[in-house]
Amino acid sequence: MSEPATKTMNMIEAINSALDVMLAKDPEVVIMGEDVGYFGGVFRATAGLQKKHGKTRVFDTPISECGIIGVGVGMAAYGLRPVPEIQFADYIYPGLDQLVSEAARMRYRSANDFICPMTVRSPFGGGIFGGQTHSQSPESLFTHVCGIKTVIPATPYDAKGLLIAAIEDNDPVVFFEPKRIYNGPFSGYYDRPVEPWSKHDGSAVPEGYYRIDLGKAAVVREGEAVTVLTYGTMVHVVKAVVAEYGIDAEIIDLRTLLPLDIETIEASVKKTGRCMVVHEATRTSGFGAELAAQVQERCFYHLEAPIERVTGFDTPYPHSLEWAYFPGPVRLARAFDKIMKD
Amino acid sequence: MATTPAKKSVSKKASVSEDAARANRERPTEPKPYKATKEELLKFYRDMLLIRRFEEKAGQLYGLGLIGGFCHLYIGQEAVAIGLQSALTPGKDSVITGYRDHGHMLAYGIDPNLIMAELTGRAAGISRGKGGSMHMFSTEHKFYGGHGIVGAQVSLGAGLAFGHKYSNDGGVCLAYFGDGASNQGQVYESFNMAELWKLPIIFVIENNQYAMGTSVNRASSEDQLYRRGESFRIPGIQVDGMDILAVRGAAEVALDWVRSGKGPVLLEMKTYRYRGHSMSDPAKYRSRDEVQSVRDNSDPIEGCKAYLADLGVGEDELKAIEKEIRKIVNESADFAEASPEPDLSELYTDVLVEQY
């Protein structure tokens with residue numbers, strides 16, 4: 001059997017392709033959201049899908065996030081596979097009640113009679129001067145809610161495979177897309193030219209159907225000195241810093257925050273003896289806190305240094321001073337220094 | 001496709017009496033075009049022109065990379081902010097709005113230098129550069145922001161109105177939101193409470209026809225948005241938002257109603273934005289002809305010019321105003337560019353009352 005045809009895609013194109021594939025494959029899949037139909041989405045993730053699959057499959061909603069997610073839960077309980085888009089993760093809060101109290105509880109409260117196979121897609125994260133209402137990383141709010149899966153891809157290839165798996169999953173999934181890397185992997189060196197996805201391995205994307213199972217992390221760089229746990233945009237920032245300073249780090253892209261691939265993490269930390277956690281989200285009660293807790297539960301006697309966290313500051317996302325806020329190369333380099341000395 | 005606001009017909013079509021017959025309760029009187037003095041009209045012209053030129057400058061600075069991120073221009077909608085807010089008292093009456101907030105701030109007499117410095121993320125900005133285009137405030141003027149989440153400011157407006165009533169300060173709240181925001185659930189929760197408690201609030205829907213790329217009739221089952229408050233017994237009035245005198249006339253009626261303790265009122269301003277939703281919007285969901293036709297037939301500033309001509313105001317006088325405005329706007333840009341970015345220590349300020 002020959003290799004399936006691949007195409008160079010950026011992350012937007014890969015997401016668009018995943019949606020296209022699933023619309024064609026499964027008549028129960030419907031896509032809805034603000035400006036996703038006629039306009040094709042503010043980030044163009046749904047461009048052309050309404051034209052190709054029709055207005056009953058891909059359609060615009062009013063600006064009503066609570067309603068979008070609530071209606072999605074009803075559709076999913078009925079047996080459809082809705083894929084609502086929340087235009088920015090920062091807009092998801094009006095729908096939080098529906099996600100927490102309805103979507104996440106459907107299976108449990110109905111004793112498995114009803115399920116909620118809904119995938120909420122939403123661009124998240126900073127690095128685009130969006131200020132406090134267009135830059136947030138609220139993933140740990142969702143991992144804290146039992147009954148929801150939380151997925152964050154870091155490459156076009158992963159984005160497509162994970163999104164297909166999320167849509168096929170029989171539980172609600174929050175699928176956060178790191179918008180800073182939609183068009184190219186961001187190194188964190190904001191003053192350097194932007195690299196396109198075409199120069200990155202992760203941009204070779206099969207045109208047809210494939211899936212990457214949820215709950216499986218990816219070791220994106222093998223190393224011996226320190227394990228770095230990260231996801232989304234920060235995968236690329238960590239890679240760039242590690243290359244810049246010649247650090248023999250093992251970098252793990254979590255890909256799915258919940259369910260968490262703790263086995264891969266455990267094996268790596270036991271090998272390196274050091275663990276660093278990196279995310280854009282604010283520090284206190286961030287997902288890094290959970291990772292640090294689980295790593296010390298399993299690897300305490302293997303650790304040669306305290307677990308280091310490099311995160312956003314505990315403040316709202318500022319409009320100005322974005323690069324001081326962003327946990328970029330300077331803070332990462334300092335953290336590597338510290339963890340390797342300890 | 002959305003219909004463009006026709007200059008004269010829109011306010012006529014909005015029939016208050018038709019709703020009155022159905023509702024069988026007291027209604028505000030039908031608004032009449034405001035009878036402005038020459039001085040008032042000249043001020044309207046000047047203030048609208050300030051918004052227009054300020055926004056054009058903001059657009060340029062965005063193009064030059066001096067403004068980053070999100071920037072939503074108010075060009076085309078000037079008559080709404082000026083017509084309404086010229087009837088209010090800054091510092092007594094409160095104003096709250098969404099993300100398209102530059103015009104509402106200028107209309108309340110807030111220093112253009114501080115606004116431009118905020119847009120460019122400078123320390124001298126009104127939120128010290130940390131708020132940006134969508135998140136600006138002025139306690140002195142009772143301007144309560146500048147909110148980046150669509151519709152969220154409407155409930156806050158009801159709270160502000162509660163404050164006015166509770167402290168009996170004689171003020172009213174003017175809460176702006178768009179045709180897109182009018183589909184958010186919390187707007188209706190706020191309507192209910194505002195009417196139930198007879199709060200002094202004027203809800204203003206700035207219907208510029210497009211919620212980002214979605215035209216109002218593709219997103220709203222009742223696209224006559226002035227009716228949106230009727231099931232809460234909030235009287236609604238549709239107004240030609242491109243006509244400064246129609247807007248000010250509606251403001252008078254609404255203020256009479258609200259100040260006399262009769263509870264909230266809803267004004268639907270039929271207006272139009274000439275630019276995209278934000279700077280990154282190519283606006284492919286509407287035709288150039290549509291935009292041009294509004295510019296040609298309904299421009300609020302040109303309309304005001306025509307009223308001024310009727311009063312015998314000549315081009316020379318208007319040119320002098322234009323010159324003054326350009327100077328103010330250029331100075332605001334210079335001020336912004338000359339101001340430094342906030343100090344790094346500002347990252348951790350103003351999160352909680354204590355610095356931590």
# chains A, B, ... in the order shown; residues from 1 in each chain; ligands from 1
call {"tool": "interface_residues", "arguments": {"of": "chain A", "to": "chain B", "cutoff": "7 Å", "atoms": "only C-alpha atoms", "output": "list in words"}}
result
Asp35, Phe39, Thr61, Pro62, Ile63, Ser64, Tyr91, Ile128, Phe129, Gly130, Gly131, Thr133, Thr315, Pro318, His319 and Ser320 of chain A
call {"tool": "select_by_dssp", "arguments": {"residues": "range 88-193 of chain B", "states": "alpha helix (DSSP H)", "output": "NGL selection string"}}
result
:B and (102-107 or 112-119 or 152-167 or 185-193)
call {"tool": "residues_around", "arguments": {"residues": "Gln292 in chain B", "least_positions_apart": "4", "cutoff": "12 Å", "atoms": "only C-alpha atoms", "output": "VMD selection string"}}
result
chain B and resid 4 76 272 to 275 286 to 288 296 to 299
call {"tool": "write_last_selection", "arguments": {"atoms": "C-alpha atoms", "output": "PDB file, in the first residue's frame"}}
result
ATOM      1  CA  THR B   4     -28.241  50.724   4.165  1.00  0.00           C
ATOM      2  CA  GLY B  76     -19.320  56.578  10.104  1.00  0.00           C
ATOM      3  CA  TYR B 272     -23.043  52.254   9.570  1.00  0.00           C
ATOM      4  CA  ARG B 273     -19.345  51.707   9.963  1.00  0.00           C
ATOM      5  CA  TYR B 274     -17.286  52.615   6.939  1.00  0.00           C
ATOM      6  CA  ARG B 275     -14.245  50.589   7.925  1.00  0.00           C
ATOM      7  CA  ARG B 286     -20.381  43.674   1.743  1.00  0.00           C
ATOM      8  CA  SER B 287     -19.850  45.491  -1.494  1.00  0.00           C
ATOM      9  CA  ARG B 288     -17.848  48.632  -2.069  1.00  0.00           C
ATOM     10  CA  ASP B 296     -22.471  59.599  -0.461  1.00  0.00           C
ATOM     11  CA  ASN B 297     -26.002  59.767   0.855  1.00  0.00           C
ATOM     12  CA  SER B 298     -25.955  59.563   4.630  1.00  0.00           C
ATOM     13  CA  ASP B 299     -22.625  60.735   5.972  1.00  0.00           C
TER      14      ASP B 299
END
call {"tool": "residues_around", "arguments": {"residues": "His72 in chain B", "least_positions_apart": "3", "cutoff": "9 Å", "atoms": "only C-alpha atoms", "output": "PyMOL selection string"}}
result
chain B and resi 55+99-102+133-134+275-279
call {"tool": "write_last_selection", "arguments": {"atoms": "all heavy atoms", "output": "compact mmCIF listing (two decimals), in the first residue's frame"}}
result
# COMPACT_ATOMS: atom_id res chain seq x y z
N GLU B 55 -9.81 58.95 14.40
CA GLU B 55 -9.87 57.55 13.98
C GLU B 55 -9.05 57.31 12.72
O GLU B 55 -8.41 56.27 12.57
CB GLU B 55 -11.32 57.12 13.77
CG GLU B 55 -12.15 57.09 15.05
CD GLU B 55 -11.76 56.00 16.02
OE1 GLU B 55 -10.63 56.05 16.53
OE2 GLU B 55 -12.58 55.10 16.27
N TYR B 99 -16.14 47.49 22.71
CA TYR B 99 -14.74 47.62 22.30
C TYR B 99 -14.53 48.76 21.31
O TYR B 99 -13.43 49.22 21.13
CB TYR B 99 -14.26 46.31 21.70
CG TYR B 99 -15.23 45.76 20.70
CD1 TYR B 99 -15.25 46.26 19.41
CD2 TYR B 99 -16.18 44.81 21.07
CE1 TYR B 99 -16.19 45.81 18.50
CE2 TYR B 99 -17.12 44.36 20.16
CZ TYR B 99 -17.12 44.87 18.89
OH TYR B 99 -18.06 44.44 18.00
N ARG B 100 -15.61 49.20 20.64
CA ARG B 100 -15.45 50.30 19.68
C ARG B 100 -15.65 51.61 20.45
O ARG B 100 -16.66 52.28 20.32
CB ARG B 100 -16.49 50.15 18.55
CG ARG B 100 -16.18 50.96 17.29
CD ARG B 100 -17.23 50.72 16.20
NE ARG B 100 -17.41 49.32 15.86
CZ ARG B 100 -16.56 48.62 15.10
NH1 ARG B 100 -15.52 49.21 14.57
NH2 ARG B 100 -16.77 47.33 14.89
N ASP B 101 -14.66 51.95 21.26
CA ASP B 101 -14.91 52.93 22.31
C ASP B 101 -14.24 54.28 22.12
O ASP B 101 -14.52 55.21 22.89
CB ASP B 101 -14.49 52.33 23.67
CG ASP B 101 -13.02 51.88 23.69
OD1 ASP B 101 -12.38 51.87 22.62
OD2 ASP B 101 -12.54 51.53 24.78
N HIS B 102 -13.39 54.44 21.13
CA HIS B 102 -12.64 55.71 21.03
C HIS B 102 -13.60 56.90 20.89
O HIS B 102 -13.41 57.93 21.51
CB HIS B 102 -11.69 55.73 19.84
CG HIS B 102 -10.90 54.47 19.63
ND1 HIS B 102 -10.26 54.17 18.45
CD2 HIS B 102 -10.67 53.42 20.46
CE1 HIS B 102 -9.66 53.01 18.55
NE2 HIS B 102 -9.89 52.52 19.76
N SER B 133 -6.65 49.53 23.16
CA SER B 133 -7.79 50.14 22.45
C SER B 133 -9.16 49.82 23.07
O SER B 133 -10.04 50.66 23.13
CB SER B 133 -7.75 49.67 21.00
OG SER B 133 -9.00 49.82 20.39
N MET B 134 -9.32 48.60 23.55
CA MET B 134 -10.66 48.16 23.96
C MET B 134 -10.95 48.39 25.44
O MET B 134 -12.07 48.20 25.87
CB MET B 134 -10.82 46.67 23.67
CG MET B 134 -10.74 46.33 22.22
SD MET B 134 -10.86 44.54 21.96
CE MET B 134 -9.22 43.99 22.37
N ARG B 275 -15.41 51.47 7.95
CA ARG B 275 -14.25 50.59 7.92
C ARG B 275 -14.66 49.17 8.31
O ARG B 275 -15.80 48.93 8.69
CB ARG B 275 -13.20 51.10 8.92
CG ARG B 275 -12.70 52.50 8.62
CD ARG B 275 -11.83 52.51 7.37
NE ARG B 275 -11.24 53.83 7.15
CZ ARG B 275 -10.03 54.19 7.60
NH1 ARG B 275 -9.30 53.33 8.28
NH2 ARG B 275 -9.55 55.39 7.36
N GLY B 276 -13.70 48.27 8.25
CA GLY B 276 -13.97 46.90 8.66
C GLY B 276 -14.28 46.82 10.15
O GLY B 276 -14.12 47.81 10.88
N HIS B 277 -14.69 45.66 10.59
CA HIS B 277 -14.97 45.46 12.02
C HIS B 277 -13.75 45.86 12.86
O HIS B 277 -13.86 46.54 13.86
CB HIS B 277 -15.31 44.00 12.27
CG HIS B 277 -15.18 43.60 13.70
ND1 HIS B 277 -16.10 43.97 14.65
CD2 HIS B 277 -14.21 42.90 14.35
CE1 HIS B 277 -15.70 43.51 15.82
NE2 HIS B 277 -14.57 42.86 15.67
N SER B 278 -12.59 45.39 12.44
CA SER B 278 -11.35 45.79 13.09
C SER B 278 -10.35 46.02 11.97
O SER B 278 -10.68 45.87 10.79
CB SER B 278 -10.85 44.71 14.05
OG SER B 278 -10.41 43.59 13.31
N MET B 279 -9.13 46.35 12.34
CA MET B 279 -8.15 46.65 11.30
C MET B 279 -7.80 45.42 10.46
O MET B 279 -7.26 45.55 9.37
CB MET B 279 -6.89 47.22 11.94
CG MET B 279 -7.12 48.55 12.65
SD MET B 279 -7.85 49.81 11.58
CE MET B 279 -6.50 50.07 10.45
call {"tool": "atom_distance", "arguments": {"atom1": "CA of Phe54 in chain B", "atom2": "CA of Asp90 in chain A"}}
result
28.6 Å
call {"tool": "residues_around", "arguments": {"residues": "Leu106 in chain B", "least_positions_apart": "6", "cutoff": "10 Å", "atoms": "only C-alpha atoms", "output": "list in words"}}
result
Asp47, Met48, Leu50, Ile51, Phe54, Ala81, Ile82, Gln85, Pro112 and Ile115 of chain B
call {"tool": "residues_around", "arguments": {"residues": "range 173-179 of chain A", "least_positions_apart": "4", "cutoff": "7 Å", "atoms": "only C-alpha atoms", "output": "VMD selection string"}}
result
chain A and resid 118 to 125 148 to 153 166 232 to 233
call {"tool": "write_last_selection", "arguments": {"atoms": "N, CA, C and O atoms", "output": "JSON list (two decimals), in the first residue's frame"}}
result
[["chain", "number", "residue", "atom", "x", "y", "z"],
["A", 118, "MET", "N", -19.36, 16.43, 21.80],
["A", 118, "MET", "CA", -19.22, 17.77, 21.23],
["A", 118, "MET", "C", -17.76, 18.19, 21.34],
["A", 118, "MET", "O", -17.11, 17.94, 22.34],
["A", 119, "THR", "N", -17.26, 18.85, 20.29],
["A", 119, "THR", "CA", -15.90, 19.38, 20.34],
["A", 119, "THR", "C", -15.96, 20.89, 20.21],
["A", 119, "THR", "O", -16.38, 21.40, 19.16],
["A", 120, "VAL", "N", -15.60, 21.59, 21.26],
["A", 120, "VAL", "CA", -15.58, 23.05, 21.20],
["A", 120, "VAL", "C", -14.19, 23.49, 20.78],
["A", 120, "VAL", "O", -13.23, 23.29, 21.52],
["A", 121, "ARG", "N", -14.10, 24.05, 19.59],
["A", 121, "ARG", "CA", -12.82, 24.59, 19.10],
["A", 121, "ARG", "C", -12.69, 26.04, 19.51],
["A", 121, "ARG", "O", -13.66, 26.80, 19.42],
["A", 122, "SER", "N", -11.50, 26.43, 19.91],
["A", 122, "SER", "CA", -11.32, 27.83, 20.25],
["A", 122, "SER", "C", -9.85, 28.23, 20.20],
["A", 122, "SER", "O", -9.01, 27.57, 20.79],
["A", 123, "PRO", "N", -9.56, 29.33, 19.48],
["A", 123, "PRO", "CA", -8.18, 29.83, 19.47],
["A", 123, "PRO", "C", -7.84, 30.41, 20.84],
["A", 123, "PRO", "O", -8.66, 31.09, 21.44],
["A", 124, "PHE", "N", -6.63, 30.15, 21.32],
["A", 124, "PHE", "CA", -6.26, 30.66, 22.65],
["A", 124, "PHE", "C", -4.81, 31.11, 22.64],
["A", 124, "PHE", "O", -4.07, 30.90, 21.68],
["A", 125, "GLY", "N", -4.41, 31.76, 23.72],
["A", 125, "GLY", "CA", -3.02, 32.13, 23.91],
["A", 125, "GLY", "C", -2.67, 33.50, 23.38],
["A", 125, "GLY", "O", -3.46, 34.15, 22.69],
["A", 148, "ILE", "N", -14.68, 16.56, 31.05],
["A", 148, "ILE", "CA", -14.30, 17.22, 29.78],
["A", 148, "ILE", "C", -12.86, 16.82, 29.46],
["A", 148, "ILE", "O", -12.03, 16.75, 30.36],
["A", 149, "LYS", "N", -12.59, 16.59, 28.19],
["A", 149, "LYS", "CA", -11.21, 16.37, 27.76],
["A", 149, "LYS", "C", -10.65, 17.68, 27.20],
["A", 149, "LYS", "O", -11.40, 18.44, 26.59],
["A", 150, "THR", "N", -9.38, 17.91, 27.42],
["A", 150, "THR", "CA", -8.77, 19.16, 26.96],
["A", 150, "THR", "C", -7.57, 18.84, 26.07],
["A", 150, "THR", "O", -6.65, 18.13, 26.49],
["A", 151, "VAL", "N", -7.63, 19.34, 24.85],
["A", 151, "VAL", "CA", -6.62, 19.01, 23.84],
["A", 151, "VAL", "C", -6.00, 20.30, 23.30],
["A", 151, "VAL", "O", -6.71, 21.27, 23.05],
["A", 152, "ILE", "N", -4.67, 20.30, 23.14],
["A", 152, "ILE", "CA", -3.97, 21.47, 22.60],
["A", 152, "ILE", "C", -2.88, 21.00, 21.64],
["A", 152, "ILE", "O", -1.86, 20.45, 22.08],
["A", 153, "PRO", "N", -3.07, 21.15, 20.35],
["A", 153, "PRO", "CA", -2.05, 20.72, 19.38],
["A", 153, "PRO", "C", -0.94, 21.76, 19.23],
["A", 153, "PRO", "O", -1.14, 22.92, 19.58],
["A", 166, "ALA", "N", -10.84, 14.02, 18.32],
["A", 166, "ALA", "CA", -11.73, 14.73, 19.27],
["A", 166, "ALA", "C", -13.18, 14.66, 18.79],
["A", 166, "ALA", "O", -14.10, 14.41, 19.56],
["A", 232, "GLY", "N", 1.31, 23.46, 23.10],
["A", 232, "GLY", "CA", 0.93, 24.65, 22.32],
["A", 232, "GLY", "C", 2.13, 25.43, 21.82],
["A", 232, "GLY", "O", 3.18, 24.86, 21.50],
["A", 233, "THR", "N", 1.97, 26.73, 21.77],
["A", 233, "THR", "CA", 3.02, 27.62, 21.27],
["A", 233, "THR", "C", 4.35, 27.37, 21.97],
["A", 233, "THR", "O", 5.42, 27.42, 21.35]]
call {"tool": "select_by_dssp", "arguments": {"residues": "range 67-305 of chain A", "states": "strand (DSSP E)", "output": "count of residues only"}}
result
48
call {"tool": "residues_around", "arguments": {"residues": "Trp257 in chain B", "least_positions_apart": "4", "cutoff": "10 Å", "atoms": "only C-alpha atoms", "output": "count of residues only"}}
result
15
call {"tool": "closest_residue", "arguments": {"among": "A:Tyr78, A:Phe336, A:Tyr108, A:Tyr157", "to": "Thr227 in chain A", "atoms": "only C-alpha atoms"}}
result
A:Phe336
call {"tool": "closest_atom_pairs", "arguments": {"of": "range 91-137 of chain B", "to": "range 154-164 of chain B", "cutoff": "8 Å", "atoms": "only C-alpha atoms", "output": "JSON lines"}}
result
{"residue": "B:Ser94", "atom": "CA", "partner": "B:Leu160", "partner_atom": "CA", "distance": 7.3}
{"residue": "B:Val95", "atom": "CA", "partner": "B:Gly157", "partner_atom": "CA", "distance": 7.9}
{"residue": "B:Ile96", "atom": "CA", "partner": "B:Gly157", "partner_atom": "CA", "distance": 6.3}
{"residue": "B:Thr97", "atom": "CA", "partner": "B:Val154", "partner_atom": "CA", "distance": 7.8}
call {"tool": "atom_distance", "arguments": {"atom1": "CA of Tyr210 in chain B", "atom2": "CA of Gly178 in chain B"}}
result
8.8 Å
